[in-house]
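coords-v2.pdb (PDB, C-alpha atoms)
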```pdb
ATOM      1  CA  MET A  27      33.665  34.956  31.083
ATOM      2  CA  VAL A  28      34.127  31.795  33.181
ATOM      3  CA  ARG A  29      31.917  33.332  35.845
ATOM      4  CA  ASN A  30      29.127  33.999  33.326
ATOM      5  CA  ALA A  31      29.371  30.451  31.997
ATOM      6  CA  PHE A  32      29.198  29.073  35.544
ATOM      7  CA  PHE A  33      26.149  31.243  36.293
ATOM      8  CA  LEU A  34      24.416  30.091  33.098
ATOM      9  CA  LEU A  35      25.193  26.453  33.900
ATOM     10  CA  LEU A  36      23.818  26.889  37.413
ATOM     11  CA  LEU A  37      20.607  28.499  36.128
ATOM     12  CA  SER A  38      20.038  25.832  33.478
ATOM     13  CA  GLY A  39      20.568  23.124  36.099
ATOM     14  CA  PHE A  40      17.894  24.750  38.228
ATOM     15  CA  PHE A  41      15.273  25.431  35.528
ATOM     16  CA  LEU A  42      15.728  22.521  33.087
ATOM     17  CA  PRO A  43      14.274  19.832  35.406
ATOM     18  CA  ARG A  44      11.260  22.064  36.099
ATOM     19  CA  ILE A  45      10.666  22.631  32.383
ATOM     20  CA  LEU A  46      10.905  18.898  31.641
ATOM     21  CA  LYS A  47       8.537  18.082  34.523
ATOM     22  CA  ALA A  48       6.001  20.613  33.198
ATOM     23  CA  GLN A  49       6.190  18.984  29.745
ATOM     24  CA  ASP A  50       5.621  15.524  31.265
ATOM     25  CA  GLU A  51       2.625  16.805  33.259
ATOM     26  CA  SER A  52       1.168  18.462  30.149
ATOM     27  CA  GLN A  53       1.623  15.242  28.155
ATOM     28  CA  GLU A  54       0.022  13.185  30.932
ATOM     29  CA  LYS A  55      -2.924  15.595  31.117
ATOM     30  CA  LEU A  56      -3.418  15.349  27.347
ATOM     31  CA  LEU A  57      -3.319  11.534  27.538
ATOM     32  CA  ASN A  58      -6.001  11.559  30.244
ATOM     33  CA  GLU A  59      -8.171  14.020  28.314
ATOM     34  CA  SER A  60      -7.784  11.841  25.222
ATOM     35  CA  LYS A  61      -9.009   8.769  27.132
ATOM     36  CA  LEU A  62     -12.027  10.700  28.421
ATOM     37  CA  ALA A  63     -12.791  11.965  24.907
ATOM     38  CA  LYS A  64     -12.655   8.385  23.581
ATOM     39  CA  GLU A  65     -15.170   7.359  26.246
ATOM     40  CA  SER A  66     -17.417  10.250  25.215
ATOM     41  CA  PHE A  67     -17.217   9.267  21.536
ATOM     42  CA  LEU A  68     -18.126   5.679  22.427
ATOM     43  CA  LYS A  69     -20.991   6.834  24.620
ATOM     44  CA  GLY A  70     -22.327   8.949  21.742
ATOM     45  CA  ASP A  71     -21.970   6.075  19.257
ATOM     46  CA  PRO A  72     -21.173   2.629  20.704
ATOM     47  CA  SER A  73     -20.639   1.203  17.204
ATOM     48  CA  MET A  74     -17.537   3.416  16.954
ATOM     49  CA  ALA A  75     -15.762   0.725  19.008
ATOM     50  CA  ASN A  76     -15.238  -1.156  15.717
ATOM     51  CA  LEU A  77     -13.306   1.788  14.275
ATOM     52  CA  PHE A  78     -11.144   2.120  17.382
ATOM     53  CA  LYS A  79     -10.467  -1.628  17.278
ATOM     54  CA  ASN A  80      -9.964  -2.165  13.535
ATOM     55  CA  SER A  81      -8.312   1.019  12.256
ATOM     56  CA  HIS A  82      -4.540   1.011  11.966
ATOM     57  CA  GLY A  83      -4.388   4.226  13.967
ATOM     58  CA  TYR A  84      -6.259   7.279  15.111
ATOM     59  CA  VAL A  85      -5.731  10.697  16.636
ATOM     60  CA  ILE A  86      -7.992  12.153  19.300
ATOM     61  CA  PHE A  87      -8.217  15.920  19.786
ATOM     62  CA  PRO A  88     -10.059  16.185  23.116
ATOM     63  CA  ASN A  89     -10.362  19.990  23.127
ATOM     64  CA  VAL A  90     -10.559  22.062  19.977
ATOM     65  CA  GLY A  91     -11.460  25.723  20.378
ATOM     66  CA  LYS A  92     -12.956  27.604  17.462
ATOM     67  CA  GLY A  93     -13.861  31.269  17.081
ATOM     68  CA  ALA A  94     -14.774  33.589  14.242
ATOM     69  CA  VAL A  95     -16.031  36.958  13.127
ATOM     70  CA  GLY A  96     -15.732  36.827   9.335
ATOM     71  CA  VAL A  97     -12.326  35.189   9.546
ATOM     72  CA  GLY A  98     -12.120  32.224  11.870
ATOM     73  CA  GLY A  99      -9.611  29.966  13.440
ATOM     74  CA  ALA A 100      -9.427  26.825  15.505
ATOM     75  CA  ALA A 101      -6.679  24.944  17.269
ATOM     76  CA  GLY A 102      -6.171  21.870  19.378
ATOM     77  CA  ARG A 103      -3.678  19.268  20.528
ATOM     78  CA  GLY A 104      -4.229  15.542  20.535
ATOM     79  CA  ILE A 105      -2.709  12.129  21.029
ATOM     80  CA  VAL A 106      -1.852   9.897  18.066
ATOM     81  CA  TYR A 107      -2.346   6.150  18.500
ATOM     82  CA  GLU A 108      -1.074   3.258  16.412
ATOM     83  CA  ARG A 109      -2.826  -0.058  17.031
ATOM     84  CA  GLY A 110      -4.221   1.410  20.278
ATOM     85  CA  ASN A 111      -0.850   2.561  21.657
ATOM     86  CA  PRO A 112       0.034   6.262  22.013
ATOM     87  CA  ILE A 113       2.951   7.248  19.762
ATOM     88  CA  GLY A 114       2.992  11.046  19.810
ATOM     89  CA  ILE A 115       1.290  14.412  19.968
ATOM     90  CA  ALA A 116      -0.475  16.158  17.091
ATOM     91  CA  HIS A 117      -1.305  19.840  16.681
ATOM     92  CA  MET A 118      -4.230  20.973  14.562
ATOM     93  CA  THR A 119      -4.822  24.472  13.260
ATOM     94  CA  GLN A 120      -7.701  25.616  11.128
ATOM     95  CA  VAL A 121      -8.380  28.820   9.235
ATOM     96  CA  SER A 122     -11.687  29.694   7.599
ATOM     97  CA  VAL A 123     -13.134  32.647   5.708
ATOM     98  CA  GLY A 124     -16.789  33.451   5.085
ATOM     99  CA  ALA A 125     -20.014  34.344   6.811
ATOM    100  CA  GLN A 126     -19.337  33.162  10.345
ATOM    101  CA  ALA A 127     -19.564  34.414  13.899
ATOM    102  CA  GLY A 128     -19.295  32.932  17.362
ATOM    103  CA  GLY A 129     -17.248  30.415  19.233
ATOM    104  CA  GLN A 130     -17.453  26.767  20.091
ATOM    105  CA  ALA A 131     -15.573  23.878  21.595
ATOM    106  CA  TYR A 132     -15.555  20.391  20.159
ATOM    107  CA  ARG A 133     -13.575  17.182  20.115
ATOM    108  CA  GLU A 134     -12.400  15.405  16.997
ATOM    109  CA  VAL A 135     -11.180  11.921  16.184
ATOM    110  CA  ILE A 136      -9.524  10.958  12.907
ATOM    111  CA  PHE A 137      -9.244   7.273  12.014
ATOM    112  CA  PHE A 138      -6.559   5.941   9.668
ATOM    113  CA  GLU A 139      -7.525   2.830   7.732
ATOM    114  CA  SER A 140      -3.989   1.654   6.976
ATOM    115  CA  LYS A 141      -0.360   2.087   7.966
ATOM    116  CA  ASP A 142       0.142   4.166   4.820
ATOM    117  CA  ALA A 143      -2.620   6.602   5.843
ATOM    118  CA  LEU A 144      -1.176   6.925   9.365
ATOM    119  CA  ASP A 145       2.342   7.385   7.949
ATOM    120  CA  ARG A 146       1.108  10.264   5.755
ATOM    121  CA  PHE A 147      -0.231  11.910   8.911
ATOM    122  CA  THR A 148       2.887  11.320  11.020
ATOM    123  CA  HIS A 149       5.037  12.691   8.182
ATOM    124  CA  ASN A 150       2.903  15.875   8.200
ATOM    125  CA  LYS A 151       1.427  15.196   4.763
ATOM    126  CA  VAL A 152      -2.262  15.377   5.697
ATOM    127  CA  GLU A 153      -4.338  18.518   5.295
ATOM    128  CA  PHE A 154      -8.089  18.795   5.066
ATOM    129  CA  ASP A 155      -9.721  21.249   2.729
ATOM    130  CA  ALA A 156     -13.279  22.462   2.333
ATOM    131  CA  GLN A 157     -14.197  19.148   0.697
ATOM    132  CA  THR A 158     -13.435  17.159   3.859
ATOM    133  CA  SER A 159     -16.234  17.091   6.365
ATOM    134  CA  ALA A 160     -16.443  15.585   9.799
ATOM    135  CA  ILE A 161     -19.314  13.302  10.673
ATOM    136  CA  ALA A 162     -21.215  14.434  13.763
ATOM    137  CA  VAL A 163     -21.179  11.743  16.429
ATOM    138  CA  LYS A 164     -24.586  10.238  17.052
ATOM    139  CA  SER A 165     -25.668   6.678  17.655
ATOM    140  CA  GLY A 166     -25.025   4.519  14.600
ATOM    141  CA  ALA A 167     -23.249   7.211  12.551
ATOM    142  CA  SER A 168     -19.972   5.282  12.439
ATOM    143  CA  ALA A 169     -21.613   2.069  11.203
ATOM    144  CA  ASN A 170     -21.965   3.511   7.690
ATOM    145  CA  ALA A 171     -18.897   5.743   7.641
ATOM    146  CA  ASN A 172     -16.602   5.335   4.646
ATOM    147  CA  TYR A 173     -12.904   6.091   4.571
ATOM    148  CA  ARG A 174     -11.861   8.725   2.047
ATOM    149  CA  GLU A 175      -8.223   8.358   1.000
ATOM    150  CA  GLY A 176      -7.741   6.144   4.058
ATOM    151  CA  VAL A 177      -9.162   8.666   6.539
ATOM    152  CA  VAL A 178     -12.516   9.235   8.253
ATOM    153  CA  VAL A 179     -13.213  12.106  10.673
ATOM    154  CA  PHE A 180     -15.765  12.456  13.473
ATOM    155  CA  SER A 181     -16.507  15.473  15.633
ATOM    156  CA  GLN A 182     -18.510  15.915  18.794
ATOM    157  CA  GLU A 183     -19.688  19.318  19.964
ATOM    158  CA  LYS A 184     -18.841  20.247  23.535
ATOM    159  CA  GLY A 185     -20.438  23.690  23.741
ATOM    160  CA  GLY A 186     -20.762  27.171  22.355
ATOM    161  CA  LEU A 187     -22.677  28.701  19.507
ATOM    162  CA  MET A 188     -21.331  29.062  16.014
ATOM    163  CA  VAL A 189     -23.092  30.221  12.862
ATOM    164  CA  GLU A 190     -21.095  29.696   9.712
ATOM    165  CA  ALA A 191     -21.072  29.275   5.977
ATOM    166  CA  SER A 192     -17.368  29.292   5.296
ATOM    167  CA  LEU A 193     -14.475  27.716   3.463
ATOM    168  CA  GLY A 194     -11.318  26.675   5.201
ATOM    169  CA  GLY A 195      -8.926  23.909   5.955
ATOM    170  CA  GLN A 196      -7.164  22.064   8.744
ATOM    171  CA  LYS A 197      -3.421  21.556   8.944
ATOM    172  CA  PHE A 198      -1.689  19.084  11.234
ATOM    173  CA  SER A 199       1.760  18.554  12.670
ATOM    174  CA  PHE A 200       3.044  15.492  14.523
ATOM    175  CA  LYS A 201       5.744  15.040  17.139
ATOM    176  CA  PRO A 202       6.622  11.528  18.339
ATOM    177  CA  PHE A 203       7.086  10.802  22.051
TER     178      PHE A 203
END
```
Let me see the structure of the file written as structure tokens.
Amino acid sequence: MVRNAFFLLLLSGFFLPRILKAQDESQEKLLNESKLAKESFLKGDPSMANLFKNSHGYVIFPNVGKGAVGVGGAAGRGIVYERGNPIGIAHMTQVSVGAQAGGQAYREVIFFESKDALDRFTHNKVEFDAQTSAIAVKSGASANANYREGVVVFSQEKGGLMVEASLGGQKFSFKPF
């Protein structure tokens, strides 16, 4: 029994630092991808700088993959910012049903108008339904964007081909650093 416990302790001492290092590298990679995605959003619509500057917080999903044949799904991870400072990681999953086929990759940014709106997100109380639509990023699009319940969403296509007429929703989870 003591021998097994010693062996387990030895193994955990060997693997635990490697696991933690891999998590740090993954987090660092996601932070870098998030910064690049922000630059891409600003390049697509320079007036979006006002939203990044004036919103209480935002979350950037730099890589969201989406695929469907009748039933579809999407998923991505992103960085959550409060007043421009990273505070945690968010996971997004989406399920949709309807006439749809194909696959695509896109990035998404969600702006939170107030602390209350950001708190709802960080407490996992934000879900988007079929009534919530993302605004496609193009020059000037953000200048006239209106918050809905303290939230406004923008997406930017990265590639792929998707044909759809579907209903679905996005669900989010948040984990602080």
Select, from A:Val97, A:Ala171, A:Val178, A:Val106, the residue with the minimum atom-to-atom distance to A:Leu56, counting all atoms listed in the file.
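Smallest distance to A:Leu56 is found for A:Val106.
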Mind telling me what the PyMOL selection byres ((chain A and resi 78) around 10) catches here, as a list of chain:residue names?
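Residues picked by the PyMOL selection byres ((chain A and resi 78) around 10): A:Lys64, A:Leu68, A:Ser73, A:Met74, A:Ala75, A:Asn76, A:Leu77, A:Lys79, A:Asn80, A:Ser81, A:His82, A:Gly83, A:Tyr84, A:Tyr107, A:Arg109, A:Gly110, A:Val135, A:Phe137, A:Phe138.
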Between atom CA of A:Gln126 and atom CA of A:Ala100, distance in Å (one decimal):
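So the answer is 12.8 Å.
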Could you expand the PyMOL selection byres ((chain A and resi 59) around 12) into the explicit residues it covers here, written as an MDAnalysis selection string?
chainID A and resid 52:58 60:66 86:90 103:105 133
Using all atoms listed in the file, find the one residue out of A:Ala131, A:Ile136, A:Val85, A:Ala101 that sits nearest to A:Thr119.
A:Ala101
Ground truth for the PyMOL selection byres ((chain A and resi 153) around 9), written as a PyMOL selection string
chain A and resi 147+150-152+154-155+195-198
Check the smallest atom-to-atom distance from each of A:Met118, A:Ala94, A:Val123, A:Val177 to A:Arg146 using only C-alpha atoms, then report the winner.
A:Val177
Could you jot down the atom CA of A:Lys69 to atom CA of A:Gln182 separation for me, Å, one decimal place?
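So the answer is 11.1 Å.
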Computed interatomic separation between atom CA of A:Val121 and atom CA of A:Gly99 (Å)
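That distance, rounded to one decimal, is 4.5 Å.
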Quick one: of A:Glu108, A:Phe180, A:Gly98, A:Arg174, who's nearest to A:Gly124, counting only C-alpha atoms?
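Checking each of A:Glu108, A:Phe180, A:Gly98, A:Arg174 against A:Gly124, counting only C-alpha atoms, the winner is A:Gly98.
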Considering only C-alpha atoms, can you say which of A:Thr148, A:Gln130, A:Ser181, A:Ser140 comes closest to A:Ser199?
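Residue with the minimum atom-to-atom distance to A:Ser199: A:Thr148.
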Counting all atoms listed in the file, the residue of A:Asp145, A:Glu134, A:Val95, A:Gly102 that sits nearest A:Lys184:
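Result for the nearest residue to A:Lys184: A:Glu134.
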Mind rebuilding stretch 85-98 of chain A with N, CA and C atoms and writing that out as an mmCIF file, in the coordinates of the input?
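out.cif, freshly written:
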```
data_model
loop_
_atom_site.group_PDB
_atom_site.id
_atom_site.type_symbol
_atom_site.label_atom_id
_atom_site.label_comp_id
_atom_site.auth_asym_id
_atom_site.auth_seq_id
_atom_site.Cartn_x
_atom_site.Cartn_y
_atom_site.Cartn_z
ATOM 1 N N VAL A 85 -6.159 9.567 15.816
ATOM 2 C CA VAL A 85 -5.731 10.697 16.636
ATOM 3 C C VAL A 85 -6.981 11.290 17.269
ATOM 4 N N ILE A 86 -6.883 11.556 18.571
ATOM 5 C CA ILE A 86 -7.992 12.153 19.300
ATOM 6 C C ILE A 86 -7.581 13.552 19.750
ATOM 7 N N PHE A 87 -8.372 14.547 19.326
ATOM 8 C CA PHE A 87 -8.217 15.920 19.786
ATOM 9 C C PHE A 87 -9.323 16.159 20.811
ATOM 10 N N PRO A 88 -9.007 16.092 22.107
ATOM 11 C CA PRO A 88 -10.059 16.185 23.116
ATOM 12 C C PRO A 88 -10.650 17.587 23.288
ATOM 13 N N ASN A 89 -9.903 18.608 22.963
ATOM 14 C CA ASN A 89 -10.362 19.990 23.127
ATOM 15 C C ASN A 89 -9.915 20.834 21.948
ATOM 16 N N VAL A 90 -10.851 21.161 21.082
ATOM 17 C CA VAL A 90 -10.559 22.062 19.977
ATOM 18 C C VAL A 90 -11.403 23.311 20.202
ATOM 19 N N GLY A 91 -10.755 24.453 20.231
ATOM 20 C CA GLY A 91 -11.460 25.723 20.378
ATOM 21 C C GLY A 91 -11.543 26.410 19.039
ATOM 22 N N LYS A 92 -12.735 26.969 18.753
ATOM 23 C CA LYS A 92 -12.956 27.604 17.462
ATOM 24 C C LYS A 92 -13.664 28.935 17.687
ATOM 25 N N GLY A 93 -13.226 29.970 16.989
ATOM 26 C CA GLY A 93 -13.861 31.269 17.081
ATOM 27 C C GLY A 93 -13.777 32.001 15.759
ATOM 28 N N ALA A 94 -14.778 32.879 15.517
ATOM 29 C CA ALA A 94 -14.774 33.589 14.242
ATOM 30 C C ALA A 94 -15.648 34.827 14.280
ATOM 31 N N VAL A 95 -15.225 35.813 13.525
ATOM 32 C CA VAL A 95 -16.031 36.958 13.127
ATOM 33 C C VAL A 95 -15.543 37.274 11.720
ATOM 34 N N GLY A 96 -16.191 36.686 10.715
ATOM 35 C CA GLY A 96 -15.732 36.827 9.335
ATOM 36 C C GLY A 96 -14.598 35.875 9.028
ATOM 37 N N VAL A 97 -13.464 36.098 9.656
ATOM 38 C CA VAL A 97 -12.326 35.189 9.546
ATOM 39 C C VAL A 97 -12.283 34.379 10.834
ATOM 40 N N GLY A 98 -12.100 33.076 10.690
ATOM 41 C CA GLY A 98 -12.120 32.224 11.870
ATOM 42 C C GLY A 98 -10.871 31.391 12.005
#
```
